[in-house]
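Asker: Below is the file my_file.cif, which contains mmCIF, C-alpha atoms.
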```
data_structure
loop_
_atom_site.label_atom_id
_atom_site.label_comp_id
_atom_site.auth_asym_id
_atom_site.auth_seq_id
_atom_site.Cartn_x
_atom_site.Cartn_y
_atom_site.Cartn_z
CA MET A 30 25.25 0.33 -33.78
CA THR A 31 23.36 3.58 -33.43
CA GLU A 32 23.52 5.75 -30.35
CA HIS A 33 20.05 4.57 -29.42
CA ASP A 34 21.05 0.90 -29.70
CA ARG A 35 23.92 1.60 -27.35
CA TYR A 36 21.82 3.40 -24.76
CA GLY A 37 18.50 1.60 -25.05
CA GLU A 38 19.72 -1.27 -22.88
CA LEU A 39 20.34 1.17 -20.03
CA ALA A 40 16.68 2.20 -19.77
CA GLY A 41 15.69 -0.71 -17.51
CA PRO A 42 18.71 -0.48 -15.20
CA TYR A 43 18.15 3.28 -15.03
CA ALA A 44 14.52 2.83 -13.96
CA LEU A 45 15.60 0.21 -11.41
CA ASN A 46 18.25 2.64 -10.16
CA ILE A 47 21.12 0.19 -10.47
CA LEU A 48 23.33 2.19 -12.85
CA GLY A 49 26.72 3.45 -11.73
CA ALA A 50 27.14 7.23 -11.56
CA ASP A 51 28.97 7.48 -14.91
CA ASP A 52 26.48 5.39 -16.84
CA ARG A 53 23.61 7.27 -15.23
CA ARG A 54 24.96 10.66 -16.28
CA ALA A 55 25.65 9.47 -19.82
CA PHE A 56 22.22 7.92 -20.09
CA GLU A 57 20.45 11.01 -18.76
CA ALA A 58 22.23 13.09 -21.38
CA HIS A 59 21.00 10.74 -24.08
CA LEU A 60 17.52 10.50 -22.56
CA ALA A 61 16.87 14.19 -23.01
CA GLY A 62 16.85 13.77 -26.79
CA CYS A 63 15.40 10.28 -27.16
CA PRO A 64 11.64 9.80 -26.86
CA GLU A 65 12.01 6.04 -27.42
CA CYS A 66 14.24 5.71 -24.37
CA ARG A 67 11.93 7.91 -22.35
CA ALA A 68 9.04 5.58 -23.17
CA GLU A 69 11.13 2.55 -22.22
CA VAL A 70 12.15 4.17 -18.93
CA ARG A 71 8.54 4.98 -18.18
CA ASP A 72 7.45 1.40 -18.84
CA ALA A 73 10.28 -0.02 -16.76
CA ALA A 74 9.50 2.43 -13.94
CA ILE A 75 5.92 1.18 -13.85
CA VAL A 76 7.21 -2.38 -13.56
CA ALA A 77 9.68 -1.31 -10.87
CA GLU A 78 6.92 0.37 -8.88
CA THR A 79 4.74 -2.71 -9.00
CA LEU A 80 7.62 -5.03 -8.00
CA GLY A 81 7.40 -3.43 -4.58
CA HIS A 82 3.90 -4.89 -4.36
CA ALA A 83 5.02 -8.41 -5.17
CA VAL A 84 5.87 -9.02 -1.53
CA THR A 85 2.81 -10.11 0.42
CA PRO A 86 1.99 -7.45 3.03
CA GLU A 87 2.79 -8.52 6.54
CA GLU A 88 1.68 -7.35 9.97
CA PRO A 89 4.56 -5.59 11.73
CA PRO A 90 4.93 -5.87 15.52
CA ALA A 91 2.11 -3.90 17.17
CA GLU A 92 4.42 -1.59 19.08
CA LEU A 93 6.10 -0.42 15.88
CA ARG A 94 3.22 1.94 15.17
CA SER A 95 3.84 4.15 18.19
CA ARG A 96 7.59 4.07 17.56
CA VAL A 97 7.09 5.14 13.95
CA LEU A 98 4.88 8.05 14.95
CA ALA A 99 7.09 9.12 17.84
CA ALA A 100 10.17 8.99 15.62
CA ALA A 101 8.52 11.04 12.87
CA PHE A 102 7.16 13.73 15.15
CA GLY A 103 10.25 13.70 17.37
CA ALA A 104 12.55 14.12 14.40
CA ASP A 105 10.34 16.90 13.15
CA GLN A 106 10.68 18.82 16.37
CA SER A 107 14.43 18.31 16.61
CA THR A 108 14.73 20.21 13.36
CA VAL A 109 13.35 23.30 15.05
CA PRO A 110 16.48 25.43 15.23
CA ALA A 111 16.09 26.36 18.88
CA SER A 112 16.41 22.80 20.07
CA ARG A 113 19.76 22.45 18.34
CA VAL A 114 21.40 25.15 20.39
CA VAL A 115 22.03 23.22 23.54
CA PRO A 116 25.66 23.93 24.38
CA MET A 117 27.67 21.69 26.68
CA ARG A 118 24.78 19.75 28.06
CA GLY A 119 24.99 16.56 26.09
CA ALA A 120 22.73 15.64 23.26
CA PRO A 121 19.78 17.92 22.52
CA VAL A 122 16.68 16.53 24.11
CA ALA A 123 13.78 16.17 21.73
CA ARG A 124 10.65 17.52 23.34
CA PRO A 125 7.87 14.98 23.54
CA PRO A 126 5.28 15.42 20.82
CA ARG A 127 2.54 17.86 21.62
CA ARG A 128 -0.27 16.14 23.43
CA ARG A 129 -3.13 15.76 21.06
CA LEU A 130 -5.85 13.30 20.34
CA GLU A 131 -4.49 9.84 19.80
CA PRO A 132 -5.01 8.95 16.12
CA TRP A 133 -6.56 5.63 17.00
CA LEU A 134 -9.07 7.38 19.21
CA LEU A 135 -9.96 9.63 16.33
CA ALA A 136 -10.34 6.53 14.20
CA ALA A 137 -12.46 4.84 16.86
CA ALA A 138 -14.67 7.87 16.90
CA SER A 139 -15.13 7.77 13.18
CA PHE A 140 -16.09 4.13 13.55
CA ALA A 141 -18.80 5.17 15.96
CA ALA A 142 -19.94 7.76 13.46
CA VAL A 143 -20.03 5.16 10.73
CA ALA A 144 -22.03 2.80 12.90
CA LEU A 145 -24.46 5.55 13.82
CA GLY A 146 -25.51 5.97 10.26
CA LEU A 147 -23.00 6.72 7.59
CA TYR A 148 -25.79 6.28 5.05
CA SER A 149 -27.56 9.55 5.28
CA LEU A 150 -25.26 11.92 7.05
CA SER A 151 -23.86 14.88 5.26
CA LEU A 152 -20.20 15.51 5.81
CA ARG A 153 -20.84 18.32 8.24
CA ALA A 154 -23.33 16.34 10.25
CA ARG A 155 -20.91 13.47 10.24
CA LEU A 156 -18.21 15.67 11.71
CA ARG A 157 -20.59 16.72 14.47
CA GLU A 158 -21.40 13.10 15.16
CA THR A 159 -17.72 12.27 15.14
CA ASP A 160 -17.12 14.96 17.69
CA GLN A 161 -19.83 13.64 19.97
CA ALA A 162 -18.70 10.08 19.49
CA LEU A 163 -15.20 11.21 20.22
CA ARG A 164 -16.28 12.49 23.61
CA SER A 165 -18.09 9.32 24.46
CA ALA A 166 -15.14 7.32 23.24
CA GLN A 167 -12.93 9.40 25.49
CA ALA A 168 -15.18 8.61 28.41
CA ARG A 169 -14.91 4.94 27.60
CA LEU A 170 -11.16 5.22 27.48
CA ALA A 171 -11.06 4.58 31.19
CA ALA A 172 -12.05 1.01 30.35
CA THR A 173 -9.59 -1.84 30.22
CA GLU A 174 -6.56 -2.30 28.03
CA THR A 175 -8.14 -5.21 26.23
CA GLN A 176 -11.10 -3.13 25.21
CA MET A 177 -8.71 -0.56 23.78
CA ALA A 178 -6.90 -3.18 21.78
CA SER A 179 -10.06 -4.55 20.18
CA LEU A 180 -11.35 -1.06 19.42
CA GLU A 181 -8.11 -0.26 17.70
CA ARG A 182 -8.50 -3.23 15.40
CA THR A 183 -12.00 -2.45 14.22
CA SER A 184 -11.33 1.26 14.02
CA SER A 185 -8.65 1.03 11.39
CA GLU A 186 -11.15 -0.53 8.98
CA SER A 187 -13.77 2.06 9.70
CA SER A 188 -11.37 4.96 9.39
CA ARG A 189 -10.72 3.66 5.90
CA VAL A 190 -14.47 3.61 5.29
CA ALA A 191 -14.75 7.18 6.54
CA LEU A 192 -11.86 8.22 4.32
CA VAL A 193 -13.64 6.93 1.20
CA ALA A 194 -17.06 8.18 2.23
CA SER A 195 -15.72 11.69 2.75
CA ALA A 196 -13.94 11.89 -0.61
CA PRO A 197 -14.96 14.91 -2.70
CA ASP A 198 -15.70 12.68 -5.72
CA VAL A 199 -17.65 10.02 -3.86
CA VAL A 200 -20.83 8.56 -5.36
CA ARG A 201 -23.33 6.48 -3.45
CA VAL A 202 -24.61 3.20 -4.81
CA ASP A 203 -27.51 1.29 -3.32
CA MET A 204 -27.04 -2.46 -3.42
CA ALA A 205 -30.09 -4.70 -3.45
CA GLY A 206 -30.39 -8.19 -2.00
CA GLN A 207 -30.66 -10.98 -4.57
CA ALA A 208 -32.49 -14.32 -4.60
CA ASP A 209 -30.36 -15.89 -1.85
CA ALA A 210 -30.77 -12.91 0.47
CA PRO A 211 -33.81 -10.81 -0.48
CA ALA A 212 -33.73 -8.91 2.82
CA ALA A 213 -30.07 -7.93 2.54
CA ARG A 214 -29.21 -4.32 1.81
CA GLY A 215 -25.97 -2.58 1.06
CA ARG A 216 -24.75 0.94 0.63
CA ALA A 217 -21.55 1.42 -1.35
CA PHE A 218 -19.46 4.53 -1.64
CA TRP A 219 -17.27 4.70 -4.70
CA SER A 220 -14.57 7.31 -5.03
CA PRO A 221 -12.38 7.15 -8.16
CA SER A 222 -9.57 8.73 -6.12
CA ARG A 223 -9.86 6.81 -2.86
CA GLY A 224 -11.53 3.50 -3.61
CA ILE A 225 -14.56 1.70 -2.37
CA ALA A 226 -16.35 1.42 0.96
CA VAL A 227 -19.36 -0.76 1.62
CA ALA A 228 -21.71 -1.12 4.55
CA ALA A 229 -24.04 -4.09 4.36
CA ASP A 230 -26.97 -5.13 6.54
CA GLN A 231 -28.98 -8.32 7.02
CA LEU A 232 -26.48 -10.53 5.31
CA PRO A 233 -27.10 -14.25 5.95
CA ALA A 234 -24.56 -15.83 8.30
CA LEU A 235 -21.58 -17.29 6.46
CA PRO A 236 -21.64 -21.05 5.92
CA GLN A 237 -18.54 -22.91 7.11
CA GLY A 238 -15.55 -22.27 4.84
CA ARG A 239 -17.19 -19.42 2.95
CA VAL A 240 -16.73 -15.68 2.83
CA TYR A 241 -18.36 -12.74 1.12
CA GLN A 242 -16.24 -11.10 -1.54
CA LEU A 243 -16.78 -7.68 -3.02
CA TRP A 244 -16.29 -6.96 -6.74
CA LEU A 245 -15.91 -3.87 -8.84
CA VAL A 246 -17.52 -4.89 -12.11
CA THR A 247 -16.02 -3.03 -15.05
CA ALA A 248 -16.95 -3.29 -18.72
CA ASP A 249 -14.58 -6.20 -19.21
CA ALA A 250 -13.46 -7.47 -15.83
CA LYS A 251 -14.40 -8.10 -12.23
CA VAL A 252 -11.84 -6.69 -9.84
CA SER A 253 -11.79 -7.95 -6.25
CA ALA A 254 -12.26 -5.23 -3.65
CA GLY A 255 -11.78 -7.36 -0.56
CA LEU A 256 -13.63 -9.75 1.69
CA MET A 257 -16.52 -9.13 4.06
CA HIS A 258 -17.35 -10.92 7.31
CA PRO A 259 -20.76 -10.03 8.73
CA ASP A 260 -21.19 -9.86 12.51
CA ALA A 261 -23.87 -11.80 14.38
CA SER A 262 -26.52 -9.26 13.36
CA GLY A 263 -25.65 -9.56 9.66
CA ARG A 264 -23.82 -6.26 9.40
CA ALA A 265 -20.49 -5.86 7.66
CA LEU A 266 -18.21 -2.99 6.86
CA SER A 267 -15.39 -2.99 4.36
CA ALA A 268 -13.13 -0.57 2.55
CA SER A 269 -10.53 -1.07 -0.11
CA GLN A 270 -8.23 1.35 -1.79
CA THR A 271 -8.80 -0.13 -5.23
CA THR A 272 -8.61 2.68 -7.78
CA GLY A 273 -7.76 2.98 -11.44
CA VAL A 274 -10.82 1.05 -12.58
CA ARG A 275 -14.14 2.26 -13.98
CA PRO A 276 -16.80 0.18 -12.34
CA VAL A 277 -20.25 -0.02 -13.86
CA ALA A 278 -21.58 -2.10 -10.98
CA ILE A 279 -20.65 -3.32 -7.53
CA ALA A 280 -21.47 -6.86 -6.45
CA LEU A 281 -21.08 -9.09 -3.42
CA THR A 282 -20.75 -12.84 -3.95
CA LEU A 283 -20.33 -15.87 -1.70
CA GLU A 284 -16.94 -17.48 -2.26
CA PRO A 285 -14.61 -20.06 -0.74
CA GLU A 286 -12.72 -18.88 2.35
CA GLY A 287 -9.73 -16.72 1.48
CA GLY A 288 -11.41 -15.30 -1.60
CA VAL A 289 -10.92 -16.08 -5.27
CA PRO A 290 -9.35 -14.21 -8.21
CA ALA A 291 -12.63 -14.12 -10.14
CA PRO A 292 -16.18 -14.56 -8.88
CA THR A 293 -17.54 -18.11 -8.81
CA GLY A 294 -20.46 -18.02 -6.36
CA ALA A 295 -23.98 -16.65 -6.13
CA ILE A 296 -24.55 -12.91 -6.09
CA TYR A 297 -25.96 -11.68 -2.77
CA LEU A 298 -25.93 -7.95 -3.31
CA VAL A 299 -25.64 -5.87 -6.45
CA GLY A 300 -25.97 -2.24 -7.43
CA SER A 301 -25.12 -0.38 -10.61
CA LEU A 302 -23.48 3.01 -10.99
CA MET B 10 -4.71 10.07 -7.08
CA PRO B 11 -5.38 7.71 -4.20
CA ASP B 12 -4.57 9.09 -0.76
CA GLN B 13 -4.18 12.60 -2.16
CA GLY B 14 -6.23 14.15 0.63
CA ASN B 15 -4.18 12.29 3.18
CA ILE B 16 -0.93 13.60 1.70
CA GLU B 17 -2.25 17.15 1.72
CA ARG B 18 -3.08 16.84 5.40
CA LEU B 19 0.33 15.34 5.99
CA ALA B 20 2.00 18.26 4.25
CA ALA B 21 -0.08 20.59 6.40
CA GLY B 22 1.35 18.94 9.51
CA ASP B 23 -1.70 16.92 10.52
CA GLN B 24 -0.28 14.17 12.74
CA SER B 25 -3.36 11.95 12.45
CA ALA B 26 -2.75 11.78 8.69
CA LEU B 27 0.56 10.01 9.32
CA ALA B 28 -1.17 7.51 11.58
CA GLU B 29 -3.69 6.82 8.81
CA LEU B 30 -0.93 6.45 6.26
CA TYR B 31 0.77 3.94 8.54
CA ASP B 32 -2.45 2.00 9.08
CA LEU B 33 -3.03 1.82 5.34
CA HIS B 34 0.45 1.05 4.11
CA GLY B 35 2.60 0.02 7.10
CA ARG B 36 2.21 -3.67 6.27
CA SER B 37 3.41 -3.27 2.70
CA VAL B 38 6.36 -1.08 3.72
CA TYR B 39 7.35 -3.51 6.47
CA ALA B 40 7.07 -6.56 4.21
CA LEU B 41 9.19 -5.01 1.45
CA ALA B 42 11.82 -3.81 3.93
CA ALA B 43 11.98 -7.28 5.50
CA ARG B 44 12.21 -8.90 2.07
CA ILE B 45 15.19 -6.74 1.14
CA VAL B 46 17.17 -6.60 4.39
CA GLY B 47 16.23 -10.10 5.58
CA ASP B 48 16.22 -9.00 9.20
CA ARG B 49 13.21 -7.91 11.21
CA GLY B 50 15.02 -5.45 13.47
CA ASP B 51 16.52 -3.67 10.47
CA ALA B 52 13.17 -3.78 8.70
CA GLU B 53 11.51 -2.02 11.65
CA ASP B 54 14.19 0.68 11.60
CA ILE B 55 13.53 1.21 7.91
CA VAL B 56 9.77 1.48 8.42
CA GLN B 57 10.49 4.16 11.01
CA GLU B 58 12.81 6.04 8.63
CA VAL B 59 10.40 5.82 5.70
CA PHE B 60 7.43 7.25 7.59
CA ALA B 61 9.63 9.95 9.12
CA GLN B 62 10.74 10.85 5.60
CA ALA B 63 7.13 10.85 4.36
CA TRP B 64 6.24 13.18 7.24
CA ARG B 65 9.07 15.57 6.40
CA GLN B 66 8.74 15.43 2.62
CA ALA B 67 4.99 15.09 2.03
CA ALA B 68 5.01 18.44 0.23
CA ARG B 69 7.39 16.99 -2.35
CA TYR B 70 5.11 14.09 -3.21
CA ASP B 71 4.02 14.30 -6.84
CA ALA B 72 0.86 12.39 -7.71
CA ALA B 73 1.77 12.51 -11.40
CA ARG B 74 4.89 10.43 -10.78
CA ALA B 75 3.74 7.71 -8.40
CA THR B 76 0.87 6.49 -6.31
CA VAL B 77 1.27 7.14 -2.61
CA ILE B 78 2.07 3.52 -1.90
CA GLY B 79 4.46 3.53 -4.87
CA TRP B 80 6.21 6.55 -3.39
CA LEU B 81 6.48 4.88 0.02
CA LEU B 82 7.78 1.64 -1.49
CA MET B 83 10.34 3.56 -3.55
CA MET B 84 11.69 5.17 -0.38
CA THR B 85 11.59 1.80 1.36
CA ARG B 86 13.59 0.09 -1.34
CA ALA B 87 16.18 2.88 -1.51
CA ARG B 88 16.75 2.84 2.25
CA ALA B 89 16.74 -0.94 2.53
CA ILE B 90 19.26 -1.29 -0.28
CA ASP B 91 21.47 1.39 1.32
CA ARG B 92 21.36 -0.67 4.45
CA ILE B 93 22.43 -3.94 2.83
CA ARG B 94 25.15 -2.16 0.88
CA ALA B 95 26.42 -0.64 4.13
CA ARG B 96 26.79 -4.07 5.66
CA HIS B 97 29.80 -4.78 3.42
CA SER B 98 31.15 -8.01 4.85
CA ARG B 99 27.91 -9.09 6.49
CA PRO B 100 26.30 -11.61 4.19
CA VAL B 101 22.70 -11.01 3.24
CA ALA B 102 20.53 -13.37 5.26
CA SER B 103 18.93 -15.88 3.00
CA GLY B 104 15.52 -14.96 4.24
CA THR B 105 14.18 -18.03 6.02
CA THR B 106 11.43 -16.12 7.75
CA VAL B 107 11.00 -13.43 5.13
CA PRO B 108 7.92 -13.71 2.95
CA ASP B 109 8.60 -15.08 -0.48
CA LEU B 110 7.57 -13.51 -3.71
CA ALA B 111 4.03 -14.31 -4.63
CA ASP B 112 3.11 -16.08 -1.43
CA PRO B 113 -0.48 -17.29 -1.66
CA VAL B 114 -2.66 -14.39 -0.68
CA GLU B 115 -4.33 -14.85 2.68
CA GLY B 116 -7.96 -13.82 3.00
CA GLN B 117 -7.28 -10.84 5.18
CA GLU B 118 -9.71 -8.06 4.59
CA ALA B 119 -7.39 -5.32 5.75
CA VAL B 120 -4.72 -6.20 3.24
CA ALA B 121 -7.09 -6.96 0.38
CA ILE B 122 -5.93 -4.26 -1.97
CA SER B 123 -2.22 -4.73 -1.57
CA ALA B 124 -2.65 -8.48 -1.63
CA GLU B 125 -4.58 -8.15 -4.83
CA VAL B 126 -1.83 -6.18 -6.51
CA ALA B 127 0.80 -8.50 -5.02
CA GLY B 128 -1.08 -11.43 -6.51
CA ARG B 129 -1.08 -9.91 -9.97
CA VAL B 130 2.58 -8.95 -9.90
CA GLY B 131 3.49 -12.31 -8.40
CA ALA B 132 1.56 -14.07 -11.15
CA ALA B 133 3.32 -12.01 -13.80
CA LEU B 134 6.71 -12.82 -12.25
CA ARG B 135 5.90 -16.52 -12.24
CA THR B 136 5.34 -16.46 -15.99
CA LEU B 137 8.99 -15.45 -16.52
CA PRO B 138 11.66 -18.04 -17.23
CA GLU B 139 13.66 -18.72 -14.05
CA ALA B 140 16.83 -16.98 -15.29
CA GLN B 141 14.95 -13.78 -16.18
CA ARG B 142 13.10 -13.70 -12.89
CA GLN B 143 16.35 -14.14 -11.00
CA ALA B 144 17.96 -11.21 -12.84
CA ILE B 145 15.00 -8.95 -12.02
CA GLU B 146 14.90 -10.00 -8.38
CA LEU B 147 18.62 -9.42 -7.87
CA ALA B 148 18.29 -5.97 -9.41
CA TYR B 149 15.15 -4.94 -7.56
CA TYR B 150 15.50 -6.60 -4.16
CA GLU B 151 19.27 -6.46 -3.81
CA GLY B 152 20.04 -3.38 -5.88
CA LEU B 153 22.80 -5.23 -7.75
CA SER B 154 24.17 -3.65 -10.92
CA GLN B 155 24.20 -5.69 -14.08
CA SER B 156 27.92 -6.45 -13.64
CA ASP B 157 27.27 -7.56 -10.04
CA ILE B 158 24.53 -9.84 -11.30
CA SER B 159 26.77 -11.22 -14.03
CA GLU B 160 29.41 -12.06 -11.37
CA ARG B 161 26.89 -13.49 -8.95
CA LEU B 162 25.32 -15.75 -11.58
CA ARG B 163 28.60 -16.42 -13.42
CA GLU B 164 26.95 -15.44 -16.68
CA PRO B 165 28.27 -13.09 -19.38
CA LEU B 166 27.26 -9.46 -18.91
CA GLY B 167 25.59 -9.40 -22.31
CA THR B 168 23.38 -12.32 -21.34
CA VAL B 169 22.31 -10.57 -18.13
CA LYS B 170 21.48 -7.39 -20.02
CA THR B 171 19.35 -9.24 -22.56
CA ARG B 172 17.52 -11.22 -19.90
CA MET B 173 16.73 -8.18 -17.83
CA ARG B 174 15.45 -6.22 -20.77
CA SER B 175 13.15 -8.95 -22.00
CA ALA B 176 11.95 -9.66 -18.45
CA LEU B 177 10.99 -6.00 -17.99
CA GLN B 178 9.19 -5.97 -21.32
CA LYS B 179 7.27 -9.14 -20.51
CA LEU B 180 6.25 -7.86 -17.09
CA ARG B 181 5.10 -4.61 -18.62
CA VAL B 182 2.93 -6.47 -21.09
CA ALA B 183 1.57 -8.75 -18.36
CA LEU B 184 0.72 -5.83 -16.10
CA ARG B 185 -0.92 -3.97 -18.93
CA ASP B 186 -3.08 -7.02 -19.59
CA HIS B 187 -4.12 -6.96 -15.96
CA GLU B 188 -4.78 -3.24 -16.00
CA VAL B 189 -2.77 -2.62 -12.87
CA ARG B 190 -2.73 1.09 -13.47
#
```
As structure tokens, what does this structure read like?

Answerer:
Amino acid sequence: MTEHDRYGELAGPYALNILGADDRRAFEAHLAGCPECRAEVRDAAIVAETLGHAVTPEEPPAELRSRVLAAAFGADQSTVPASRVVPMRGAPVARPPRRRLEPWLLAAASFAAVALGLYSLSLRARLRETDQALRSAQARLAATETQMASLERTSSESSRVALVASAPDVVRVDMAGQADAPAARGRAFWSPSRGIAVAADQLPALPQGRVYQLWLVTADAKVSAGLMHPDASGRALSASQTTGVRPVAIALTLEPEGGVPAPTGAIYLVGSL
Amino acid sequence: MPDQGNIERLAAGDQSALAELYDLHGRSVYALAARIVGDRGDAEDIVQEVFAQAWRQAARYDAARATVIGWLLMMTRARAIDRIRARHSRPVASGTTVPDLADPVEGQEAVAISAEVAGRVGAALRTLPEAQRQAIELAYYEGLSQSDISERLREPLGTVKTRMRSALQKLRVALRDHEVR
């Protein structure tokens, strides 16, 4: 049994971080001089990383968001040395986070900017729009709690759209309506680093049990980039963080509700890169 | 380098960047934490800890080593496994309400990307023989060492080692076929 035979079996457990301290030290010493083991660790680490994705994402309780943010910013401030020196008066009191624009409001504003015409705005103009929209969104803040809740839901999608559309490496792709929807139009933004965002207009209303599904068409595959649900006026907005592919075209098809792993239905919009 | 701009803003102390990160990845972090600890209250604590850690350590994030979501899930797993190890005598809940591996993907637009990846990984896991899949799941989701797994499954250590190694190799091949990265 060579040294490599003896250590090779530790590569997987090492990448999964389940080795005891002694084994880990011994393996790391071997790893330094063994390219084969390094390759095996790298492969196993890729598998380990993707195993985290094997759990279907799940909506946490709504109030967790504010707790997460408060905890992060609160903890950050408690590390400021001054706040530690609180002698004899019980636990140091974390100062409340600095009052600044609520992130969701910012996101809501970027939604407004997107709706106003993401298509043709330069980044700078878009920021100006965002600023204006922000003010009007602030004015609307006085409205009811329910309005706030529904804004928050739509805004997270559009903040994702804005994130893609503002990427430094973004390219714009015009998508043309096909036989089933000649009047439909789409504008896609593809960023190799941030993913895909699509705004579509004049889409026919969805038949019962159907949904629009977006595809990144590569040389040898069609990778799903999410589902689209047009509103009553035929508009739809969608963003997906799909990266690591080299699309040559972007297409929208009509598919059974819930989406499918590979396209089966008619193409409604298509544009090539 | 997905999310790279977001991480840079995070490292620069931009609080809205953390909110965006949570909106993008909170569901995946929460689901993995719940899968590992089997308890929703504990899972929420872990989500809180992970995003606090991301906020503090954004500058240490290295795009060459992991995607942003990969980095978050790595922290999630480490903290969740610490938590179940710390329970000692408390048995791990058998996860009645916790999502199973490779649940059918719901047509939710907001989770499309993660669901897509989850679907691929889940499909790859399903191709493994039961015994291999079990070994991988005990290692990844419970952080058990190979000797722990051998005790748990009442199988010889050598058998566990072989199974785990071939499972990892098969998954790697399956993922490569699907071009996950």

Asker: Restricting the calculation to all atoms listed in the file, which member of B:Glu151, B:Trp64, B:Tyr31, B:Glu146 is positioned closest to Arg88 in chain B?

Answerer: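 Under the stated criterion, the closest residue is B:Glu151.
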
Asker: Take CA of Arg53 in chain A and CA of Ile90 in chain B and report the distance between them in Å, one decimal.

Answerer: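 One can read the CA of Arg53 in chain A to CA of Ile90 in chain B distance as 17.8 Å.
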
Asker: I would like the residues chosen by the PyMOL selection byres ((chain A and resi 225) around 8) on the shown file; could you give them as a list in words?

Answerer: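 On this input, the PyMOL selection byres ((chain A and resi 225) around 8) captures Val190, Val193, Ala217, Phe218, Trp219, Ser220, Arg223, Gly224, Ala226, Val227, Ala254, Ala268, Ser269, Gln270 and Thr271 of chain A.
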
Asker: Closest to chain B among A:Pro86, A:Pro64, A:Pro290, A:Gly49, using all atoms listed in the file?

Answerer: A:Pro86

Asker: CA of Pro197 in chain A to CA of Ser222 in chain A: how many Å, to one decimal?

Answerer: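 A separation of 8.9 Å between them.
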
Asker: Which distance in Å separates CA of Ile93 in chain B and CA of Leu147 in chain B, to one decimal?

Answerer: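 Going from CA of Ile93 in chain B over to CA of Leu147 in chain B covers 12.6 Å.
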
Asker: Pick from B:Arg181, B:Arg142, B:Arg92, B:Arg44: nearest to Glu58 in chain B, with all atoms listed in the file counted?

Answerer: B:Arg92

Asker: Please write as a VMD selection string the full residue list that the PyMOL selection byres ((chain A and resi 72) around 9) yields on this file.

Answerer: (chain A and resid 41 44 67 to 71 73 to 77) or (chain B and resid 177 to 178 181)

Asker: Can you give me, as an MDAnalysis selection string, the residues this file yields under the PyMOL selection byres ((chain B and resi 152) around 12)?

Answerer: (chainID A and resid 42:49 77) or (chainID B and resid 45:46 86:94 144:151 153:158)

Asker: Given the choices A:Gly294, A:Pro259, A:Pro233, A:Pro90, which gets closest to chain B if the distance is worked out from all atoms listed in the file?

Answerer: A:Pro90

Asker: So that I can check the surroundings of range 75-80 of chain B, please list as an MDAnalysis selection string every protein, DNA and RNA residue that reaches within 12 Å of it, counting all atoms listed in the file and ignoring chain neighbours fewer than 6 positions away.

Answerer: (chainID A and resid 71 74:83 222:223 270:273) or (chainID B and resid 10:17 19 30:38 41 59:60 62:63 66:67 69 86:87 122:123 126 189:190)

Asker: For chain A, which of B:Ser159, B:Gln141, B:Thr136, B:Thr171 is the closest residue, counting only C-alpha atoms?

Answerer: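 The closest residue to chain A is B:Thr171.
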
Asker: Return the single residue from A:Ala191, A:Val240, A:Val299, A:Leu232 that is closest to Gly287 in chain A, with distances computed using all atoms listed in the file.

Answerer: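 Ranking A:Ala191, A:Val240, A:Val299, A:Leu232 by distance to Gly287 in chain A, first place goes to A:Val240.
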
Asker: Applying 9 Å and only C-alpha atoms, which residues near Ser301 in chain A remain after dropping the ones on its own chain fewer than 3 positions away? List them as a PyMOL selection string.

Answerer: chain A and resi 202-204+246+276-280
